Amino acid sequence: MANEVSHGNNADLKVASILNSFVHFLLADRSDIRSTVLQVSPPNDRGSLAVKIPQVLFDDIMAAPGESTAVNPTALGDGAATVTAARQALRYDMSDEFFLSGASVTPEMLAQGIVDGYIRRAAALIGAVINGFSDTAGTSGAALVVSDIYDAHFELQKNLLDGEPVSCVLTPKQFTDFQSSLRGEGGAMQWVPATADMLGIKPMGYVGSWNGVDFYKNAQLANDGTDDFGAMYARSAVAMAQFTVGAIRSLLPPNGFMDTARDEQVVWVEKNRTSESGLTKYVGHAIAGVILNEDARGVTIQTVD
């Protein structure tokens, strides 16, 4: 029957299947800052949370070996950097009384909450890493100004970026200070289309491009109680490993909930009913890790909170 409602042992799996479908849809939006870093493929069916990153440097220069002389080999990196992933999780508990109160919590709402929780966690992992570049711009205890952005920009240009896309991720306070300083520049700069667009009100996430750099605003970056720590960096400066369901499914015990998720998902949802306490639990799982991959390709921006 087209409108049949399923009950029984497979009912939880049916709900989990719906949730996982929504999770997959929501994760397809790459407006968060995971898109600014190098994505490392996880080890398929290898049973290790540590992922070695091959380092191949394409800045070698040809030399003249001489007539009838073999060319000397060029050594290739064998994984100088390693990113170690860890389980990330979020759980919602819905009581029987919660449902009886008439609260209308849909699978879409639960999926949105779980996905948002993972996106914020991923941003926090990235934020902890971009706080550690050797090169820095900005001044502790002082508001961010346009000159700080230029300082970071110029520092990166000295390091041979090889055409990589460059991103600048700032906290809401840093971005607001940037807008304020940009507005005060006056003259023709304020009326350049990219500048005029940057001065508009912006939500979290991607906020626009300025001087060849994509800018993002994110509230999950590092903060030591005095200063905020944003950064400007090329994609290869930071590496992230997100283990997909397809990479780990065969390594875990049989799990009907995971079987409802698609292979390319990095988050999956399970449902559990605890009758003795009258709770229905929804748990979102992800396995991910972030490291600083190439220090010379990033600049930490430290300014007052």
# chains A, B, ... in the order shown; residues from 1 in each chain; ligands from 1
$ select_by_dssp --residues "region 79-209 of chain A" --states "alpha helix (DSSP H)" --output "PyMOL selection string"
chain A and resi 96-100+107-130+146-157+172-184+193-198
$ residues_around --residues "Tyr92 (chain A)" --least-positions-apart "3" --cutoff "8 Å" --atoms "only C-alpha atoms" --output "list in words"
Lys281, Tyr282 and Val283 of chain A
$ closest_atom_pairs --of "region 46-143 of chain A" --to "region 209-222 of chain A" --cutoff "8 Å" --atoms "only C-alpha atoms" --output "Markdown table"
| residue | atom | partner | partner_atom | distance |
| --- | --- | --- | --- | --- |
| A:Arg120 | CA | A:Gln220 | CA | 6.5 |
| A:Arg121 | CA | A:Gln220 | CA | 7.8 |
| A:Ala123 | CA | A:Gln220 | CA | 5.8 |
| A:Ala124 | CA | A:Gln220 | CA | 4.9 |
| A:Ile126 | CA | A:Leu221 | CA | 7.7 |
| A:Gly127 | CA | A:Leu221 | CA | 4.3 |
| A:Ala128 | CA | A:Ala222 | CA | 5.6 |
| A:Asn131 | CA | A:Ala222 | CA | 6.7 |
$ residues_around --residues "Lys173 (chain A)" --least-positions-apart "4" --cutoff "12 Å" --atoms "only C-alpha atoms" --output "ChimeraX atom specification"
/A:142-145,169,177-180,204,217-221,223,227-230,302-305
$ write_last_selection --atoms "N, CA and C atoms" --output "mmCIF file, in the first residue's frame"
data_model
loop_
_atom_site.group_PDB
_atom_site.id
_atom_site.type_symbol
_atom_site.label_atom_id
_atom_site.label_comp_id
_atom_site.auth_asym_id
_atom_site.auth_seq_id
_atom_site.Cartn_x
_atom_site.Cartn_y
_atom_site.Cartn_z
ATOM 1 N N ALA A 142 44.457 44.609 20.385
ATOM 2 C CA ALA A 142 44.034 45.687 19.486
ATOM 3 C C ALA A 142 43.023 45.144 18.485
ATOM 4 N N ALA A 143 42.120 46.017 18.051
ATOM 5 C CA ALA A 143 41.110 45.612 17.073
ATOM 6 C C ALA A 143 41.748 45.354 15.715
ATOM 7 N N LEU A 144 41.148 44.437 14.960
ATOM 8 C CA LEU A 144 41.639 44.148 13.621
ATOM 9 C C LEU A 144 41.411 45.345 12.705
ATOM 10 N N VAL A 145 42.410 45.659 11.887
ATOM 11 C CA VAL A 145 42.301 46.747 10.911
ATOM 12 C C VAL A 145 42.689 46.218 9.536
ATOM 13 N N VAL A 169 39.653 33.292 7.328
ATOM 14 C CA VAL A 169 38.574 32.945 8.241
ATOM 15 C C VAL A 169 38.721 33.801 9.494
ATOM 16 N N ASP A 177 35.224 44.193 13.013
ATOM 17 C CA ASP A 177 36.300 45.188 13.089
ATOM 18 C C ASP A 177 36.900 45.454 11.709
ATOM 19 N N PHE A 178 37.012 44.401 10.900
ATOM 20 C CA PHE A 178 37.505 44.558 9.529
ATOM 21 C C PHE A 178 36.571 45.454 8.725
ATOM 22 N N GLN A 179 35.258 45.215 8.842
ATOM 23 C CA GLN A 179 34.290 46.055 8.148
ATOM 24 C C GLN A 179 34.396 47.505 8.601
ATOM 25 N N SER A 180 34.533 47.717 9.911
ATOM 26 C CA SER A 180 34.621 49.069 10.449
ATOM 27 C C SER A 180 35.855 49.793 9.927
ATOM 28 N N MET A 204 26.785 33.810 9.115
ATOM 29 C CA MET A 204 27.939 32.923 9.277
ATOM 30 C C MET A 204 28.246 32.232 7.951
ATOM 31 N N LYS A 217 33.226 33.925 7.868
ATOM 32 C CA LYS A 217 32.995 34.319 9.262
ATOM 33 C C LYS A 217 32.554 33.083 10.029
ATOM 34 N N ASN A 218 33.225 32.803 11.156
ATOM 35 C CA ASN A 218 32.894 31.598 11.906
ATOM 36 C C ASN A 218 33.116 31.838 13.391
ATOM 37 N N ALA A 219 32.150 31.441 14.201
ATOM 38 C CA ALA A 219 32.199 31.701 15.642
ATOM 39 C C ALA A 219 32.947 30.628 16.425
ATOM 40 N N GLN A 220 33.444 29.590 15.761
ATOM 41 C CA GLN A 220 34.065 28.471 16.474
ATOM 42 C C GLN A 220 35.585 28.563 16.537
ATOM 43 N N LEU A 221 36.174 29.664 16.094
ATOM 44 C CA LEU A 221 37.628 29.785 16.089
ATOM 45 C C LEU A 221 38.168 29.949 17.500
ATOM 46 N N ASN A 223 39.905 31.171 20.926
ATOM 47 C CA ASN A 223 39.841 32.391 21.724
ATOM 48 C C ASN A 223 40.451 32.088 23.089
ATOM 49 N N ASP A 227 42.094 37.448 23.229
ATOM 50 C CA ASP A 227 42.196 37.637 21.786
ATOM 51 C C ASP A 227 41.459 36.553 21.020
ATOM 52 N N ASP A 228 41.035 36.905 19.804
ATOM 53 C CA ASP A 228 40.519 35.948 18.830
ATOM 54 C C ASP A 228 41.644 35.578 17.873
ATOM 55 N N PHE A 229 41.547 34.356 17.314
ATOM 56 C CA PHE A 229 42.592 33.879 16.416
ATOM 57 C C PHE A 229 41.971 33.401 15.108
ATOM 58 N N GLY A 230 41.984 34.268 14.113
ATOM 59 C CA GLY A 230 41.595 33.889 12.765
ATOM 60 C C GLY A 230 42.844 33.553 11.974
ATOM 61 N N GLN A 302 45.862 37.497 14.955
ATOM 62 C CA GLN A 302 45.519 37.630 16.365
ATOM 63 C C GLN A 302 45.089 39.062 16.664
ATOM 64 N N THR A 303 43.866 39.247 17.119
ATOM 65 C CA THR A 303 43.373 40.572 17.479
ATOM 66 C C THR A 303 42.447 40.453 18.691
ATOM 67 N N VAL A 304 42.082 41.581 19.278
ATOM 68 C CA VAL A 304 41.328 41.574 20.514
ATOM 69 C C VAL A 304 39.931 40.993 20.341
ATOM 70 N N ASP A 305 39.464 40.318 21.380
ATOM 71 C CA ASP A 305 38.115 39.754 21.382
ATOM 72 C C ASP A 305 37.096 40.869 21.605
#
$ residues_around --residues "Ala122 (chain A)" --least-positions-apart "3" --cutoff "9 Å" --atoms "only C-alpha atoms" --output "list in words"
Ile33, Arg34, Gly117, Tyr118, Ile119, Leu125, Ile126, Gly127, Gln220, Ala288, Gly289 and Val290 of chain A
$ write_last_selection --atoms "N, CA and C atoms" --output "mmCIF file, in the first residue's frame"
data_model
loop_
_atom_site.group_PDB
_atom_site.id
_atom_site.type_symbol
_atom_site.label_atom_id
_atom_site.label_comp_id
_atom_site.auth_asym_id
_atom_site.auth_seq_id
_atom_site.Cartn_x
_atom_site.Cartn_y
_atom_site.Cartn_z
ATOM 1 N N ILE A 33 33.527 26.131 6.702
ATOM 2 C CA ILE A 33 34.944 26.294 6.386
ATOM 3 C C ILE A 33 35.680 24.984 6.128
ATOM 4 N N ARG A 34 35.000 23.854 6.142
ATOM 5 C CA ARG A 34 35.679 22.616 5.744
ATOM 6 C C ARG A 34 36.172 22.688 4.304
ATOM 7 N N GLY A 117 25.702 20.498 14.426
ATOM 8 C CA GLY A 117 26.635 20.162 15.492
ATOM 9 C C GLY A 117 27.962 19.681 14.947
ATOM 10 N N TYR A 118 27.919 18.883 13.876
ATOM 11 C CA TYR A 118 29.170 18.403 13.281
ATOM 12 C C TYR A 118 29.916 19.528 12.567
ATOM 13 N N ILE A 119 29.199 20.375 11.846
ATOM 14 C CA ILE A 119 29.839 21.480 11.131
ATOM 15 C C ILE A 119 30.539 22.408 12.120
ATOM 16 N N LEU A 125 37.761 22.327 15.219
ATOM 17 C CA LEU A 125 38.999 21.582 14.980
ATOM 18 C C LEU A 125 39.925 22.371 14.054
ATOM 19 N N ILE A 126 39.357 22.947 12.999
ATOM 20 C CA ILE A 126 40.154 23.762 12.075
ATOM 21 C C ILE A 126 40.660 25.013 12.779
ATOM 22 N N GLY A 127 39.789 25.637 13.595
ATOM 23 C CA GLY A 127 40.177 26.845 14.307
ATOM 24 C C GLY A 127 41.343 26.618 15.251
ATOM 25 N N GLN A 220 33.444 29.590 15.761
ATOM 26 C CA GLN A 220 34.065 28.471 16.474
ATOM 27 C C GLN A 220 35.585 28.563 16.537
ATOM 28 N N ALA A 288 36.664 12.219 12.500
ATOM 29 C CA ALA A 288 37.397 13.232 11.747
ATOM 30 C C ALA A 288 38.575 13.759 12.548
ATOM 31 N N GLY A 289 39.547 14.337 11.839
ATOM 32 C CA GLY A 289 40.710 14.947 12.482
ATOM 33 C C GLY A 289 41.304 16.018 11.580
ATOM 34 N N VAL A 290 42.031 16.961 12.166
ATOM 35 C CA VAL A 290 42.631 18.081 11.434
ATOM 36 C C VAL A 290 44.049 18.301 11.940
#
$ residues_around --residues "region 293-296 of chain A" --least-positions-apart "3" --cutoff "10 Å" --atoms "only C-alpha atoms" --output "PyMOL selection string"
chain A and resi 37-38+53+55+80-83+129-130+132-135+155-156+158-161+233-240+290+299
$ closest_residue --among "A:Gly205, A:Gly298, A:Ile114, A:Glu97" --to "Thr171 (chain A)" --atoms "only C-alpha atoms"
A:Gly205
$ closest_residue --among "A:Ser147, A:Asn20, A:Thr300, A:Gln265" --to "Ile248 (chain A)" --atoms "only C-alpha atoms"
A:Gln265
$ residues_around --residues "Asp263 (chain A)" --least-positions-apart "6" --cutoff "9 Å" --atoms "only C-alpha atoms" --output "JSON, numbers by chain"
{"A": [244, 245, 246, 247, 249]}
$ write_last_selection --atoms "N, CA and C atoms" --output "PDB file, in the first residue's frame"
ATOM      1  N   THR A 244      34.523   8.415   5.777  1.00  0.00           N
ATOM      2  CA  THR A 244      33.196   8.191   5.228  1.00  0.00           C
ATOM      3  C   THR A 244      32.634   6.861   5.715  1.00  0.00           C
ATOM      4  N   VAL A 245      31.321   6.750   5.648  1.00  0.00           N
ATOM      5  CA  VAL A 245      30.664   5.502   6.043  1.00  0.00           C
ATOM      6  C   VAL A 245      31.200   4.336   5.219  1.00  0.00           C
ATOM      7  N   GLY A 246      31.424   4.581   3.925  1.00  0.00           N
ATOM      8  CA  GLY A 246      31.923   3.515   3.062  1.00  0.00           C
ATOM      9  C   GLY A 246      33.293   3.010   3.461  1.00  0.00           C
ATOM     10  N   ALA A 247      34.116   3.890   4.082  1.00  0.00           N
ATOM     11  CA  ALA A 247      35.473   3.503   4.465  1.00  0.00           C
ATOM     12  C   ALA A 247      35.514   2.680   5.743  1.00  0.00           C
ATOM     13  N   ARG A 249      32.473   1.041   7.179  1.00  0.00           N
ATOM     14  CA  ARG A 249      31.325   0.152   7.393  1.00  0.00           C
ATOM     15  C   ARG A 249      31.750  -1.296   7.659  1.00  0.00           C
TER      16      ARG A 249
END
$ closest_residue --among "A:Asp93, A:Thr226, A:Glu67, A:Ala50" --to "Asn272 (chain A)" --atoms "only C-alpha atoms"
A:Asp93
$ select_by_dssp --residues "region 13-237 of chain A" --states "strand (DSSP E)" --output "PDB file with C-alpha atoms, in the first residue's frame"
ATOM      1  CA  LEU A  38      42.871  20.036   2.092  1.00  0.00           C
ATOM      2  CA  GLN A  39      40.636  16.975   2.327  1.00  0.00           C
ATOM      3  CA  VAL A  40      42.662  13.793   2.866  1.00  0.00           C
ATOM      4  CA  ALA A  50      46.095   7.714  11.494  1.00  0.00           C
ATOM      5  CA  VAL A  51      46.292   8.891   7.888  1.00  0.00           C
ATOM      6  CA  LYS A  52      49.705   9.644   6.358  1.00  0.00           C
ATOM      7  CA  ILE A  53      49.746  12.523   3.886  1.00  0.00           C
ATOM      8  CA  ALA A  81      52.593  14.506   8.040  1.00  0.00           C
ATOM      9  CA  THR A  82      49.971  12.361   9.734  1.00  0.00           C
ATOM     10  CA  VAL A  83      46.443  13.356  10.658  1.00  0.00           C
ATOM     11  CA  THR A  84      44.824  11.314  13.414  1.00  0.00           C
ATOM     12  CA  ALA A  86      38.772  10.778  16.502  1.00  0.00           C
ATOM     13  CA  ARG A  87      35.089  10.061  17.060  1.00  0.00           C
ATOM     14  CA  GLN A  88      32.811  13.090  17.212  1.00  0.00           C
ATOM     15  CA  ALA A  89      29.267  12.570  18.500  1.00  0.00           C
ATOM     16  CA  LEU A  90      26.049  14.347  19.442  1.00  0.00           C
ATOM     17  CA  ARG A  91      22.981  12.864  21.175  1.00  0.00           C
ATOM     18  CA  TYR A  92      19.403  14.041  21.552  1.00  0.00           C
ATOM     19  CA  ASP A  93      17.131  12.400  24.164  1.00  0.00           C
ATOM     20  CA  MET A  94      13.381  12.676  23.605  1.00  0.00           C
ATOM     21  CA  SER A  95      11.205  11.657  26.573  1.00  0.00           C
ATOM     22  CA  ASP A 135      53.767  33.681  10.736  1.00  0.00           C
ATOM     23  CA  THR A 136      51.348  36.076  12.396  1.00  0.00           C
ATOM     24  CA  ALA A 137      49.539  39.344  11.715  1.00  0.00           C
ATOM     25  CA  VAL A 166      43.506  31.462  -0.421  1.00  0.00           C
ATOM     26  CA  SER A 167      40.896  31.836   2.338  1.00  0.00           C
ATOM     27  CA  CYS A 168      40.650  34.186   5.294  1.00  0.00           C
ATOM     28  CA  VAL A 169      38.574  32.945   8.241  1.00  0.00           C
ATOM     29  CA  LEU A 170      37.689  35.454  10.959  1.00  0.00           C
ATOM     30  CA  GLY A 205      29.900  31.156   6.568  1.00  0.00           C
ATOM     31  CA  TYR A 206      31.148  32.565   3.288  1.00  0.00           C
ATOM     32  CA  VAL A 207      30.891  36.349   3.232  1.00  0.00           C
ATOM     33  CA  GLY A 208      32.495  37.278  -0.092  1.00  0.00           C
ATOM     34  CA  SER A 209      35.775  37.743  -1.948  1.00  0.00           C
ATOM     35  CA  TRP A 210      38.099  40.714  -1.507  1.00  0.00           C
ATOM     36  CA  VAL A 213      40.867  36.133  -1.041  1.00  0.00           C
ATOM     37  CA  ASP A 214      37.668  34.299  -0.055  1.00  0.00           C
ATOM     38  CA  PHE A 215      36.467  35.489   3.359  1.00  0.00           C
ATOM     39  CA  TYR A 216      34.532  33.421   5.910  1.00  0.00           C
ATOM     40  CA  LYS A 217      32.995  34.319   9.262  1.00  0.00           C
ATOM     41  CA  ALA A 222      40.119  29.812  18.943  1.00  0.00           C
ATOM     42  CA  ASN A 223      39.841  32.391  21.724  1.00  0.00           C
ATOM     43  CA  ASP A 227      42.196  37.637  21.786  1.00  0.00           C
ATOM     44  CA  ASP A 228      40.519  35.948  18.830  1.00  0.00           C
ATOM     45  CA  PHE A 229      42.592  33.879  16.416  1.00  0.00           C
ATOM     46  CA  GLY A 230      41.595  33.889  12.765  1.00  0.00           C
ATOM     47  CA  ALA A 231      43.889  33.141   9.847  1.00  0.00           C
ATOM     48  CA  MET A 232      44.616  33.581   6.160  1.00  0.00           C
ATOM     49  CA  TYR A 233      45.866  30.416   4.495  1.00  0.00           C
ATOM     50  CA  ALA A 234      46.174  28.383   1.323  1.00  0.00           C
TER      51      ALA A 234
END
$ atom_distance --atom1 "CA of Leu49 (chain A)" --atom2 "CA of Asp224 (chain A)"
29.1 Å
